[in-house]
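As provided, work-v3.cif (mmCIF, N, CA and C atoms) reads as follows.
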```
data_final
loop_
_atom_site.label_atom_id
_atom_site.label_comp_id
_atom_site.auth_asym_id
_atom_site.auth_seq_id
_atom_site.Cartn_x
_atom_site.Cartn_y
_atom_site.Cartn_z
N MET A 136 0.84 -1.17 0.00
CA MET A 136 0.00 0.00 0.00
C MET A 136 0.89 1.25 0.00
N ALA A 137 0.61 2.15 -0.89
CA ALA A 137 1.39 3.38 -1.02
C ALA A 137 1.22 4.25 0.22
N ARG A 138 2.29 4.96 0.54
CA ARG A 138 2.27 5.92 1.65
C ARG A 138 2.57 7.30 1.08
N TYR A 139 2.26 8.30 1.89
CA TYR A 139 2.37 9.68 1.44
C TYR A 139 3.25 10.47 2.39
N TRP A 140 4.01 11.40 1.82
CA TRP A 140 5.03 12.12 2.57
C TRP A 140 5.08 13.58 2.16
N LEU A 141 5.78 14.37 2.95
CA LEU A 141 6.11 15.75 2.61
C LEU A 141 7.60 15.90 2.90
N MET A 142 8.33 16.41 1.92
CA MET A 142 9.78 16.55 2.04
C MET A 142 10.16 18.01 1.83
N LYS A 143 10.90 18.56 2.79
CA LYS A 143 11.26 19.97 2.76
C LYS A 143 12.66 20.17 2.22
N SER A 144 12.82 21.20 1.43
CA SER A 144 14.14 21.61 0.95
C SER A 144 14.16 23.12 0.80
N GLU A 145 15.30 23.72 1.10
CA GLU A 145 15.45 25.15 0.91
C GLU A 145 15.66 25.40 -0.58
N PRO A 146 14.81 26.20 -1.21
CA PRO A 146 14.87 26.35 -2.66
C PRO A 146 16.15 27.01 -3.16
N ASP A 147 16.84 27.76 -2.31
CA ASP A 147 18.10 28.34 -2.75
C ASP A 147 19.26 27.35 -2.65
N VAL A 148 19.02 26.20 -2.00
CA VAL A 148 20.01 25.13 -1.92
C VAL A 148 19.67 24.04 -2.94
N TYR A 149 18.42 23.56 -2.91
CA TYR A 149 17.94 22.55 -3.86
C TYR A 149 16.44 22.71 -3.97
N GLY A 150 15.99 23.29 -5.06
CA GLY A 150 14.57 23.56 -5.25
C GLY A 150 13.94 22.69 -6.31
N TRP A 151 12.66 22.89 -6.50
CA TRP A 151 11.88 22.14 -7.49
C TRP A 151 12.53 22.21 -8.87
N ASP A 152 12.96 23.40 -9.30
CA ASP A 152 13.56 23.54 -10.62
C ASP A 152 14.87 22.77 -10.74
N ASP A 153 15.62 22.64 -9.63
CA ASP A 153 16.84 21.83 -9.64
C ASP A 153 16.50 20.36 -9.90
N LEU A 154 15.45 19.88 -9.23
CA LEU A 154 15.02 18.50 -9.43
C LEU A 154 14.55 18.28 -10.87
N LEU A 155 13.81 19.24 -11.41
CA LEU A 155 13.37 19.11 -12.80
C LEU A 155 14.55 19.01 -13.75
N ARG A 156 15.58 19.82 -13.53
CA ARG A 156 16.78 19.78 -14.38
C ARG A 156 17.48 18.43 -14.30
N GLU A 157 17.54 17.86 -13.08
CA GLU A 157 18.24 16.59 -12.89
C GLU A 157 17.39 15.39 -13.32
N ALA A 158 16.09 15.51 -13.29
CA ALA A 158 15.14 14.44 -13.60
C ALA A 158 15.04 13.40 -12.48
N GLU A 159 16.06 13.25 -11.69
CA GLU A 159 16.04 12.38 -10.51
C GLU A 159 17.09 12.90 -9.54
N GLY A 160 16.73 12.97 -8.27
CA GLY A 160 17.67 13.49 -7.28
C GLY A 160 17.73 12.61 -6.05
N THR A 161 18.80 12.75 -5.29
CA THR A 161 18.97 12.03 -4.03
C THR A 161 18.57 12.94 -2.89
N TRP A 162 17.68 12.44 -2.03
CA TRP A 162 17.25 13.19 -0.86
C TRP A 162 18.14 12.73 0.30
N ASP A 163 19.12 13.56 0.62
CA ASP A 163 20.10 13.20 1.63
C ASP A 163 20.37 14.40 2.54
N GLY A 164 21.29 14.22 3.49
CA GLY A 164 21.66 15.30 4.38
C GLY A 164 20.72 15.51 5.55
N VAL A 165 19.75 14.63 5.75
CA VAL A 165 18.78 14.75 6.84
C VAL A 165 19.44 14.27 8.13
N ARG A 166 19.38 15.11 9.17
CA ARG A 166 20.02 14.77 10.44
C ARG A 166 19.05 14.91 11.61
N ASN A 167 17.90 14.32 11.48
CA ASN A 167 16.88 14.28 12.52
C ASN A 167 16.38 12.85 12.56
N TYR A 168 16.27 12.26 13.75
CA TYR A 168 15.93 10.85 13.84
C TYR A 168 14.53 10.52 13.31
N ARG A 169 13.55 11.34 13.62
CA ARG A 169 12.19 11.08 13.10
C ARG A 169 12.19 11.18 11.57
N ALA A 170 12.84 12.20 11.03
CA ALA A 170 12.91 12.35 9.58
C ALA A 170 13.67 11.17 8.95
N ARG A 171 14.74 10.73 9.60
CA ARG A 171 15.49 9.56 9.11
C ARG A 171 14.59 8.33 9.09
N ASN A 172 13.82 8.13 10.14
CA ASN A 172 12.92 6.97 10.19
C ASN A 172 11.87 7.06 9.08
N ASN A 173 11.39 8.27 8.80
CA ASN A 173 10.44 8.44 7.70
C ASN A 173 11.10 8.10 6.37
N LEU A 174 12.33 8.56 6.15
CA LEU A 174 13.04 8.20 4.90
C LEU A 174 13.21 6.68 4.80
N ALA A 175 13.58 6.05 5.91
CA ALA A 175 13.80 4.60 5.91
C ALA A 175 12.51 3.82 5.66
N ALA A 176 11.36 4.41 5.99
CA ALA A 176 10.06 3.74 5.80
C ALA A 176 9.52 3.89 4.39
N MET A 177 10.11 4.75 3.59
CA MET A 177 9.61 4.99 2.23
C MET A 177 9.87 3.79 1.33
N ALA A 178 8.96 3.59 0.37
CA ALA A 178 9.08 2.51 -0.59
C ALA A 178 8.98 3.09 -2.00
N VAL A 179 9.57 2.39 -2.93
CA VAL A 179 9.47 2.80 -4.34
C VAL A 179 7.99 2.90 -4.69
N GLY A 180 7.61 4.00 -5.32
CA GLY A 180 6.22 4.23 -5.71
C GLY A 180 5.45 5.12 -4.75
N ASP A 181 5.95 5.27 -3.51
CA ASP A 181 5.32 6.23 -2.61
C ASP A 181 5.42 7.62 -3.24
N GLN A 182 4.53 8.51 -2.83
CA GLN A 182 4.56 9.88 -3.35
C GLN A 182 4.81 10.86 -2.20
N ALA A 183 5.42 11.98 -2.56
CA ALA A 183 5.71 13.01 -1.56
C ALA A 183 5.48 14.39 -2.16
N PHE A 184 5.07 15.30 -1.31
CA PHE A 184 5.02 16.69 -1.70
C PHE A 184 6.42 17.27 -1.58
N PHE A 185 6.79 18.11 -2.53
CA PHE A 185 8.05 18.86 -2.48
C PHE A 185 7.73 20.22 -1.91
N TYR A 186 8.29 20.51 -0.75
CA TYR A 186 7.98 21.73 0.00
C TYR A 186 9.20 22.63 0.02
N HIS A 187 9.03 23.88 -0.39
CA HIS A 187 10.10 24.88 -0.29
C HIS A 187 10.07 25.48 1.10
N SER A 188 11.12 25.23 1.88
CA SER A 188 11.19 25.77 3.24
C SER A 188 11.99 27.07 3.25
N ASN A 189 11.84 27.82 4.30
CA ASN A 189 12.53 29.10 4.53
C ASN A 189 12.13 30.18 3.52
N ILE A 190 12.28 29.92 2.24
CA ILE A 190 11.89 30.88 1.21
C ILE A 190 10.63 30.33 0.55
N GLY A 191 9.54 31.03 0.67
CA GLY A 191 8.28 30.58 0.08
C GLY A 191 7.39 29.86 1.05
N LYS A 192 7.95 28.90 1.78
CA LYS A 192 7.20 28.08 2.72
C LYS A 192 5.91 27.58 2.08
N GLU A 193 6.10 26.77 1.02
CA GLU A 193 4.93 26.28 0.28
C GLU A 193 5.25 24.97 -0.41
N ILE A 194 4.19 24.18 -0.58
CA ILE A 194 4.29 22.94 -1.36
C ILE A 194 4.17 23.33 -2.82
N VAL A 195 5.14 22.90 -3.63
CA VAL A 195 5.16 23.31 -5.03
C VAL A 195 4.98 22.17 -6.02
N GLY A 196 5.22 20.93 -5.58
CA GLY A 196 5.13 19.83 -6.53
C GLY A 196 4.97 18.49 -5.85
N VAL A 197 4.84 17.46 -6.70
CA VAL A 197 4.70 16.08 -6.25
C VAL A 197 5.83 15.27 -6.86
N VAL A 198 6.45 14.44 -6.02
CA VAL A 198 7.51 13.55 -6.48
C VAL A 198 7.13 12.11 -6.17
N THR A 199 7.82 11.19 -6.82
CA THR A 199 7.67 9.78 -6.49
C THR A 199 9.01 9.25 -6.00
N ILE A 200 8.95 8.31 -5.09
CA ILE A 200 10.17 7.69 -4.59
C ILE A 200 10.62 6.67 -5.65
N SER A 201 11.82 6.86 -6.18
CA SER A 201 12.31 6.00 -7.26
C SER A 201 13.31 4.97 -6.77
N ALA A 202 13.92 5.20 -5.62
CA ALA A 202 14.82 4.22 -4.98
C ALA A 202 14.74 4.46 -3.48
N SER A 203 14.62 3.38 -2.72
CA SER A 203 14.47 3.51 -1.27
C SER A 203 15.52 2.66 -0.57
N GLY A 204 15.62 2.85 0.75
CA GLY A 204 16.53 2.04 1.55
C GLY A 204 18.00 2.34 1.32
N LEU A 205 18.31 3.57 0.93
CA LEU A 205 19.69 3.92 0.63
C LEU A 205 20.40 4.49 1.87
N ALA A 206 21.70 4.26 1.93
CA ALA A 206 22.51 4.93 2.94
C ALA A 206 22.78 6.34 2.43
N ASP A 207 22.78 7.30 3.32
CA ASP A 207 23.03 8.69 2.95
C ASP A 207 24.49 8.83 2.49
N PRO A 208 24.70 9.22 1.22
CA PRO A 208 26.08 9.34 0.72
C PRO A 208 26.87 10.47 1.37
N THR A 209 26.20 11.37 2.11
CA THR A 209 26.91 12.46 2.78
C THR A 209 27.28 12.10 4.22
N ASP A 210 27.01 10.85 4.62
CA ASP A 210 27.21 10.43 6.00
C ASP A 210 28.25 9.31 6.08
N ALA A 211 29.40 9.60 6.68
CA ALA A 211 30.46 8.61 6.82
C ALA A 211 30.16 7.57 7.90
N THR A 212 29.21 7.87 8.80
CA THR A 212 28.92 6.95 9.90
C THR A 212 28.00 5.80 9.49
N GLY A 213 27.24 5.98 8.40
CA GLY A 213 26.33 4.95 7.94
C GLY A 213 25.02 4.87 8.70
N LYS A 214 24.72 5.84 9.56
CA LYS A 214 23.48 5.74 10.34
C LYS A 214 22.32 6.57 9.77
N TRP A 215 22.56 7.34 8.70
CA TRP A 215 21.51 8.19 8.15
C TRP A 215 21.02 7.65 6.82
N ALA A 216 19.75 7.88 6.54
CA ALA A 216 19.08 7.30 5.37
C ALA A 216 18.93 8.32 4.25
N ALA A 217 18.68 7.79 3.05
CA ALA A 217 18.42 8.62 1.87
C ALA A 217 17.49 7.86 0.94
N VAL A 218 16.88 8.58 0.03
CA VAL A 218 16.07 8.00 -1.04
C VAL A 218 16.36 8.77 -2.32
N ARG A 219 15.92 8.22 -3.44
CA ARG A 219 15.98 8.94 -4.71
C ARG A 219 14.55 9.30 -5.08
N VAL A 220 14.38 10.47 -5.69
CA VAL A 220 13.05 10.95 -6.07
C VAL A 220 13.06 11.44 -7.51
N ARG A 221 11.88 11.33 -8.13
CA ARG A 221 11.65 11.87 -9.48
C ARG A 221 10.44 12.80 -9.43
N PRO A 222 10.50 13.90 -10.16
CA PRO A 222 9.34 14.80 -10.17
C PRO A 222 8.19 14.18 -10.95
N LEU A 223 6.98 14.34 -10.44
CA LEU A 223 5.78 13.90 -11.15
C LEU A 223 5.05 15.08 -11.77
N ARG A 224 4.78 16.10 -10.94
CA ARG A 224 4.07 17.27 -11.48
C ARG A 224 4.18 18.45 -10.53
N ARG A 225 4.16 19.62 -11.14
CA ARG A 225 4.07 20.87 -10.37
C ARG A 225 2.61 21.03 -9.97
N LEU A 226 2.36 21.54 -8.78
CA LEU A 226 0.99 21.79 -8.36
C LEU A 226 0.40 22.95 -9.15
N ASP A 227 -0.90 22.87 -9.43
CA ASP A 227 -1.59 23.96 -10.13
C ASP A 227 -1.46 25.26 -9.35
N ARG A 228 -1.60 25.17 -8.02
CA ARG A 228 -1.44 26.31 -7.12
C ARG A 228 -0.59 25.85 -5.95
N PRO A 229 0.52 26.55 -5.64
CA PRO A 229 1.28 26.18 -4.44
C PRO A 229 0.38 26.30 -3.21
N VAL A 230 0.66 25.46 -2.22
CA VAL A 230 -0.09 25.49 -0.96
C VAL A 230 0.88 25.96 0.13
N THR A 231 0.57 27.10 0.72
CA THR A 231 1.48 27.70 1.69
C THR A 231 1.32 27.07 3.08
N LEU A 232 2.34 27.27 3.89
CA LEU A 232 2.27 26.81 5.27
C LEU A 232 1.12 27.49 6.01
N ALA A 233 0.91 28.77 5.74
CA ALA A 233 -0.21 29.48 6.38
C ALA A 233 -1.55 28.83 6.02
N GLN A 234 -1.72 28.42 4.76
CA GLN A 234 -2.95 27.75 4.35
C GLN A 234 -3.09 26.39 5.04
N ILE A 235 -1.98 25.67 5.16
CA ILE A 235 -2.00 24.37 5.82
C ILE A 235 -2.42 24.53 7.27
N LYS A 236 -1.82 25.50 7.96
CA LYS A 236 -2.15 25.73 9.38
C LYS A 236 -3.58 26.19 9.59
N ALA A 237 -4.16 26.86 8.59
CA ALA A 237 -5.53 27.36 8.70
C ALA A 237 -6.58 26.31 8.35
N GLU A 238 -6.16 25.18 7.80
CA GLU A 238 -7.10 24.14 7.36
C GLU A 238 -7.34 23.15 8.50
N PRO A 239 -8.57 23.10 9.04
CA PRO A 239 -8.86 22.20 10.17
C PRO A 239 -8.55 20.73 9.88
N ARG A 240 -8.72 20.29 8.64
CA ARG A 240 -8.44 18.88 8.31
C ARG A 240 -6.97 18.54 8.45
N LEU A 241 -6.10 19.56 8.55
CA LEU A 241 -4.66 19.32 8.63
C LEU A 241 -4.08 19.64 10.00
N ALA A 242 -4.93 19.87 10.97
CA ALA A 242 -4.48 20.28 12.31
C ALA A 242 -3.57 19.25 12.97
N ASP A 243 -3.72 17.97 12.65
CA ASP A 243 -2.93 16.94 13.29
C ASP A 243 -1.75 16.44 12.46
N CYS A 244 -1.52 17.02 11.28
CA CYS A 244 -0.44 16.49 10.44
C CYS A 244 0.92 16.92 11.00
N GLU A 245 1.94 16.12 10.68
CA GLU A 245 3.27 16.34 11.25
C GLU A 245 3.85 17.71 10.92
N ILE A 246 3.59 18.24 9.75
CA ILE A 246 4.15 19.55 9.41
C ILE A 246 3.61 20.65 10.32
N VAL A 247 2.42 20.46 10.86
CA VAL A 247 1.84 21.42 11.80
C VAL A 247 2.33 21.14 13.22
N ARG A 248 2.30 19.89 13.62
CA ARG A 248 2.69 19.51 14.99
C ARG A 248 4.20 19.62 15.23
N GLN A 249 5.00 19.29 14.22
CA GLN A 249 6.46 19.31 14.35
C GLN A 249 7.04 20.13 13.19
N SER A 250 6.89 21.42 13.30
CA SER A 250 7.17 22.31 12.17
C SER A 250 8.62 22.27 11.68
N ARG A 251 9.55 21.84 12.49
CA ARG A 251 10.96 21.78 12.06
C ARG A 251 11.32 20.46 11.40
N LEU A 252 10.39 19.51 11.39
CA LEU A 252 10.66 18.20 10.81
C LEU A 252 10.76 18.30 9.29
N SER A 253 11.85 17.82 8.71
CA SER A 253 12.10 18.00 7.28
C SER A 253 11.48 16.93 6.39
N VAL A 254 11.10 15.80 6.97
CA VAL A 254 10.44 14.74 6.21
C VAL A 254 9.26 14.25 7.05
N CYS A 255 8.05 14.53 6.58
CA CYS A 255 6.84 14.25 7.35
C CYS A 255 6.00 13.17 6.64
N GLU A 256 5.34 12.35 7.45
CA GLU A 256 4.38 11.40 6.90
C GLU A 256 3.00 12.06 6.90
N LEU A 257 2.23 11.77 5.85
CA LEU A 257 0.86 12.27 5.74
C LEU A 257 -0.10 11.09 5.62
N THR A 258 -1.30 11.27 6.14
CA THR A 258 -2.35 10.28 5.90
C THR A 258 -2.91 10.50 4.50
N ARG A 259 -3.65 9.55 4.00
CA ARG A 259 -4.30 9.72 2.69
C ARG A 259 -5.27 10.89 2.74
N ALA A 260 -5.99 11.07 3.85
CA ALA A 260 -6.94 12.18 3.96
C ALA A 260 -6.20 13.52 3.93
N GLU A 261 -5.05 13.61 4.61
CA GLU A 261 -4.26 14.85 4.58
C GLU A 261 -3.72 15.12 3.17
N TRP A 262 -3.24 14.07 2.52
CA TRP A 262 -2.75 14.17 1.14
C TRP A 262 -3.85 14.72 0.22
N ASP A 263 -5.02 14.12 0.31
CA ASP A 263 -6.14 14.54 -0.54
C ASP A 263 -6.57 15.98 -0.25
N ALA A 264 -6.56 16.37 1.02
CA ALA A 264 -6.93 17.74 1.38
C ALA A 264 -5.95 18.75 0.77
N ILE A 265 -4.68 18.44 0.80
CA ILE A 265 -3.68 19.35 0.22
C ILE A 265 -3.83 19.41 -1.29
N LEU A 266 -4.06 18.27 -1.93
CA LEU A 266 -4.29 18.29 -3.39
C LEU A 266 -5.51 19.13 -3.73
N GLU A 267 -6.55 19.01 -2.93
CA GLU A 267 -7.76 19.81 -3.15
C GLU A 267 -7.43 21.31 -3.04
N MET A 268 -6.66 21.66 -2.03
CA MET A 268 -6.26 23.06 -1.84
C MET A 268 -5.42 23.57 -3.01
N ALA A 269 -4.68 22.67 -3.65
CA ALA A 269 -3.83 23.03 -4.78
C ALA A 269 -4.59 23.07 -6.09
N GLY A 270 -5.85 22.65 -6.06
CA GLY A 270 -6.63 22.62 -7.30
C GLY A 270 -6.27 21.46 -8.20
N THR A 271 -5.72 20.41 -7.58
CA THR A 271 -5.25 19.23 -8.30
C THR A 271 -5.99 18.01 -7.81
N GLY A 272 -6.47 17.18 -8.69
CA GLY A 272 -7.11 15.94 -8.27
C GLY A 272 -6.10 14.90 -7.85
N SER A 273 -6.56 13.84 -7.17
CA SER A 273 -5.67 12.77 -6.72
C SER A 273 -5.05 12.15 -7.93
#
```
Could I get this file's structure written as structure tokens?
Amino acid sequence: MARYWLMKSEPDVYGWDDLLREAEGTWDGVRNYRARNNLAAMAVGDQAFFYHSNIGKEIVGVVTISASGLADPTDATGKWAAVRVRPLRRLDRPVTLAQIKAEPRLADCEIVRQSRLSVCELTRAEWDAILEMAGTGS
């Protein structure tokens, strides 16, 4: 069964357009245990929102997990996880953090409860609510 995620990146470091240019990118450099566990739980075919953090603070696109269970190539200790992602589509309308926080259906999602978490798990209902807010169907 597919799972749903939200992955944050600073757009001035690695943004949606960078991923589009590469066609596939490695999601690495995560140094938070909950986020690491979320990366380790991902499976090929899962989908994630691409969220621009710090600048914009908005969900801009949807990616698919193309390779899972990877060791983080930026980590010499071998304790941190990574995945590979491919872009699927840009959202019709970006969904801002302010909109997410104002939406009652999203009050319990990890991005609201743990705002500094860089890789969040979403329920199917949360995923669908965000797609609806973006003007995009499932």
Centre and size of axis-aligned box enclosing segment 226-238 of chain A plus 8 Å each side, as lines of an AutoDock Vina configuration file:
```
center_x = -2.5
center_y = 25.5
center_z = -0.3
size_x = 25.7
size_y = 23.9
size_z = 35.7
```
- Item | Explicit residues for the PyMOL selection byres (((chain A and resi 191 and name CA) around 10) and name CA) (as a ChimeraX atom specification) | /A:145-146,186-190,192-195,229-232
- Item | Residue members of the PyMOL selection byres ((chain A and resi 180) around 6) in the file shown, as a PyMOL selection string | chain A and resi 137+178-179+181-182+199-201
- Can you tell me how far atom CA of Gly196 of chain A sits from atom CA of Ala237 of chain A, in Å to one decimal? 20.1 Å
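Candidate residues A:Leu141, A:Leu266, A:Val220, A:Ala176 were compared for distance to Ala158 of chain A, and the nearest is A:Val220, using only N, CA and C atoms.
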Write down as a PDB file with N, CA and C atoms, in the coordinates of the input the residues of segment 152-221 of chain A whose backbone DSSP state falls under strand (DSSP E or B).
```pdb
ATOM      1  N   GLY A 160      16.730  12.970  -8.270  1.00  0.00           N
ATOM      2  CA  GLY A 160      17.670  13.490  -7.280  1.00  0.00           C
ATOM      3  C   GLY A 160      17.730  12.610  -6.050  1.00  0.00           C
ATOM      4  N   THR A 161      18.800  12.750  -5.290  1.00  0.00           N
ATOM      5  CA  THR A 161      18.970  12.030  -4.030  1.00  0.00           C
ATOM      6  C   THR A 161      18.570  12.940  -2.890  1.00  0.00           C
ATOM      7  N   TRP A 162      17.680  12.440  -2.030  1.00  0.00           N
ATOM      8  CA  TRP A 162      17.250  13.190  -0.860  1.00  0.00           C
ATOM      9  C   TRP A 162      18.140  12.730   0.300  1.00  0.00           C
ATOM     10  N   GLN A 182       4.530   8.510  -2.830  1.00  0.00           N
ATOM     11  CA  GLN A 182       4.560   9.880  -3.350  1.00  0.00           C
ATOM     12  C   GLN A 182       4.810  10.860  -2.200  1.00  0.00           C
ATOM     13  N   ALA A 183       5.420  11.980  -2.560  1.00  0.00           N
ATOM     14  CA  ALA A 183       5.710  13.010  -1.560  1.00  0.00           C
ATOM     15  C   ALA A 183       5.480  14.390  -2.160  1.00  0.00           C
ATOM     16  N   PHE A 184       5.070  15.300  -1.310  1.00  0.00           N
ATOM     17  CA  PHE A 184       5.020  16.690  -1.700  1.00  0.00           C
ATOM     18  C   PHE A 184       6.420  17.270  -1.580  1.00  0.00           C
ATOM     19  N   PHE A 185       6.790  18.110  -2.530  1.00  0.00           N
ATOM     20  CA  PHE A 185       8.050  18.860  -2.480  1.00  0.00           C
ATOM     21  C   PHE A 185       7.730  20.220  -1.910  1.00  0.00           C
ATOM     22  N   TYR A 186       8.290  20.510  -0.750  1.00  0.00           N
ATOM     23  CA  TYR A 186       7.980  21.730   0.000  1.00  0.00           C
ATOM     24  C   TYR A 186       9.200  22.630   0.020  1.00  0.00           C
ATOM     25  N   HIS A 187       9.030  23.880  -0.390  1.00  0.00           N
ATOM     26  CA  HIS A 187      10.100  24.880  -0.290  1.00  0.00           C
ATOM     27  C   HIS A 187      10.070  25.480   1.100  1.00  0.00           C
ATOM     28  N   GLU A 193       6.100  26.770   1.020  1.00  0.00           N
ATOM     29  CA  GLU A 193       4.930  26.280   0.280  1.00  0.00           C
ATOM     30  C   GLU A 193       5.250  24.970  -0.410  1.00  0.00           C
ATOM     31  N   ILE A 194       4.190  24.180  -0.580  1.00  0.00           N
ATOM     32  CA  ILE A 194       4.290  22.940  -1.360  1.00  0.00           C
ATOM     33  C   ILE A 194       4.170  23.330  -2.820  1.00  0.00           C
ATOM     34  N   VAL A 195       5.140  22.900  -3.630  1.00  0.00           N
ATOM     35  CA  VAL A 195       5.160  23.310  -5.030  1.00  0.00           C
ATOM     36  C   VAL A 195       4.980  22.170  -6.020  1.00  0.00           C
ATOM     37  N   GLY A 196       5.220  20.930  -5.580  1.00  0.00           N
ATOM     38  CA  GLY A 196       5.130  19.830  -6.530  1.00  0.00           C
ATOM     39  C   GLY A 196       4.970  18.490  -5.850  1.00  0.00           C
ATOM     40  N   VAL A 197       4.840  17.460  -6.700  1.00  0.00           N
ATOM     41  CA  VAL A 197       4.700  16.080  -6.250  1.00  0.00           C
ATOM     42  C   VAL A 197       5.830  15.270  -6.860  1.00  0.00           C
ATOM     43  N   VAL A 198       6.450  14.440  -6.020  1.00  0.00           N
ATOM     44  CA  VAL A 198       7.510  13.550  -6.480  1.00  0.00           C
ATOM     45  C   VAL A 198       7.130  12.110  -6.170  1.00  0.00           C
ATOM     46  N   THR A 199       7.820  11.190  -6.820  1.00  0.00           N
ATOM     47  CA  THR A 199       7.670   9.780  -6.490  1.00  0.00           C
ATOM     48  C   THR A 199       9.010   9.250  -6.000  1.00  0.00           C
ATOM     49  N   ILE A 200       8.950   8.310  -5.090  1.00  0.00           N
ATOM     50  CA  ILE A 200      10.170   7.690  -4.590  1.00  0.00           C
ATOM     51  C   ILE A 200      10.620   6.670  -5.650  1.00  0.00           C
ATOM     52  N   SER A 201      11.820   6.860  -6.180  1.00  0.00           N
ATOM     53  CA  SER A 201      12.310   6.000  -7.260  1.00  0.00           C
ATOM     54  C   SER A 201      13.310   4.970  -6.770  1.00  0.00           C
ATOM     55  N   ALA A 202      13.920   5.200  -5.620  1.00  0.00           N
ATOM     56  CA  ALA A 202      14.820   4.220  -4.980  1.00  0.00           C
ATOM     57  C   ALA A 202      14.740   4.460  -3.480  1.00  0.00           C
ATOM     58  N   SER A 203      14.620   3.380  -2.720  1.00  0.00           N
ATOM     59  CA  SER A 203      14.470   3.510  -1.270  1.00  0.00           C
ATOM     60  C   SER A 203      15.520   2.660  -0.570  1.00  0.00           C
ATOM     61  N   GLY A 204      15.620   2.850   0.750  1.00  0.00           N
ATOM     62  CA  GLY A 204      16.530   2.040   1.550  1.00  0.00           C
ATOM     63  C   GLY A 204      18.000   2.340   1.320  1.00  0.00           C
ATOM     64  N   LEU A 205      18.310   3.570   0.930  1.00  0.00           N
ATOM     65  CA  LEU A 205      19.690   3.920   0.630  1.00  0.00           C
ATOM     66  C   LEU A 205      20.400   4.490   1.870  1.00  0.00           C
ATOM     67  N   ALA A 206      21.700   4.260   1.930  1.00  0.00           N
ATOM     68  CA  ALA A 206      22.510   4.930   2.940  1.00  0.00           C
ATOM     69  C   ALA A 206      22.780   6.340   2.430  1.00  0.00           C
ATOM     70  N   ALA A 216      19.750   7.880   6.540  1.00  0.00           N
ATOM     71  CA  ALA A 216      19.080   7.300   5.370  1.00  0.00           C
ATOM     72  C   ALA A 216      18.930   8.320   4.250  1.00  0.00           C
ATOM     73  N   ALA A 217      18.680   7.790   3.050  1.00  0.00           N
ATOM     74  CA  ALA A 217      18.420   8.620   1.870  1.00  0.00           C
ATOM     75  C   ALA A 217      17.490   7.860   0.940  1.00  0.00           C
ATOM     76  N   VAL A 218      16.880   8.580   0.030  1.00  0.00           N
ATOM     77  CA  VAL A 218      16.070   8.000  -1.040  1.00  0.00           C
ATOM     78  C   VAL A 218      16.360   8.770  -2.320  1.00  0.00           C
ATOM     79  N   ARG A 219      15.920   8.220  -3.440  1.00  0.00           N
ATOM     80  CA  ARG A 219      15.980   8.940  -4.710  1.00  0.00           C
ATOM     81  C   ARG A 219      14.550   9.300  -5.080  1.00  0.00           C
ATOM     82  N   VAL A 220      14.380  10.470  -5.690  1.00  0.00           N
ATOM     83  CA  VAL A 220      13.050  10.950  -6.070  1.00  0.00           C
ATOM     84  C   VAL A 220      13.060  11.440  -7.510  1.00  0.00           C
ATOM     85  N   ARG A 221      11.880  11.330  -8.130  1.00  0.00           N
ATOM     86  CA  ARG A 221      11.650  11.870  -9.480  1.00  0.00           C
ATOM     87  C   ARG A 221      10.440  12.800  -9.430  1.00  0.00           C
TER      88      ARG A 221
END
```
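Here the PyMOL selection byres ((chain A and resi 205) around 8) catches exactly these residues: Leu174, Ala175, Ala202, Ser203, Gly204, Ala206, Asp207, Pro208, Trp215, Ala216, Ala217, Val218 and Arg219 of chain A.
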Would you mind exporting N, CA and C atoms of the selected residues as an mmCIF file, keeping the file's coordinate frame?
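File out22.cif, as written:
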```cif
data_model
loop_
_atom_site.group_PDB
_atom_site.id
_atom_site.type_symbol
_atom_site.label_atom_id
_atom_site.label_comp_id
_atom_site.auth_asym_id
_atom_site.auth_seq_id
_atom_site.Cartn_x
_atom_site.Cartn_y
_atom_site.Cartn_z
ATOM 1 N N LEU A 174 12.330 8.560 6.150
ATOM 2 C CA LEU A 174 13.040 8.200 4.900
ATOM 3 C C LEU A 174 13.210 6.680 4.800
ATOM 4 N N ALA A 175 13.580 6.050 5.910
ATOM 5 C CA ALA A 175 13.800 4.600 5.910
ATOM 6 C C ALA A 175 12.510 3.820 5.660
ATOM 7 N N ALA A 202 13.920 5.200 -5.620
ATOM 8 C CA ALA A 202 14.820 4.220 -4.980
ATOM 9 C C ALA A 202 14.740 4.460 -3.480
ATOM 10 N N SER A 203 14.620 3.380 -2.720
ATOM 11 C CA SER A 203 14.470 3.510 -1.270
ATOM 12 C C SER A 203 15.520 2.660 -0.570
ATOM 13 N N GLY A 204 15.620 2.850 0.750
ATOM 14 C CA GLY A 204 16.530 2.040 1.550
ATOM 15 C C GLY A 204 18.000 2.340 1.320
ATOM 16 N N ALA A 206 21.700 4.260 1.930
ATOM 17 C CA ALA A 206 22.510 4.930 2.940
ATOM 18 C C ALA A 206 22.780 6.340 2.430
ATOM 19 N N ASP A 207 22.780 7.300 3.320
ATOM 20 C CA ASP A 207 23.030 8.690 2.950
ATOM 21 C C ASP A 207 24.490 8.830 2.490
ATOM 22 N N PRO A 208 24.700 9.220 1.220
ATOM 23 C CA PRO A 208 26.080 9.340 0.720
ATOM 24 C C PRO A 208 26.870 10.470 1.370
ATOM 25 N N TRP A 215 22.560 7.340 8.700
ATOM 26 C CA TRP A 215 21.510 8.190 8.150
ATOM 27 C C TRP A 215 21.020 7.650 6.820
ATOM 28 N N ALA A 216 19.750 7.880 6.540
ATOM 29 C CA ALA A 216 19.080 7.300 5.370
ATOM 30 C C ALA A 216 18.930 8.320 4.250
ATOM 31 N N ALA A 217 18.680 7.790 3.050
ATOM 32 C CA ALA A 217 18.420 8.620 1.870
ATOM 33 C C ALA A 217 17.490 7.860 0.940
ATOM 34 N N VAL A 218 16.880 8.580 0.030
ATOM 35 C CA VAL A 218 16.070 8.000 -1.040
ATOM 36 C C VAL A 218 16.360 8.770 -2.320
ATOM 37 N N ARG A 219 15.920 8.220 -3.440
ATOM 38 C CA ARG A 219 15.980 8.940 -4.710
ATOM 39 C C ARG A 219 14.550 9.300 -5.080
#
```
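Coordinates place atom CA of Ala183 of chain A at a distance of 15.7 Å from atom CA of Asp227 of chain A.
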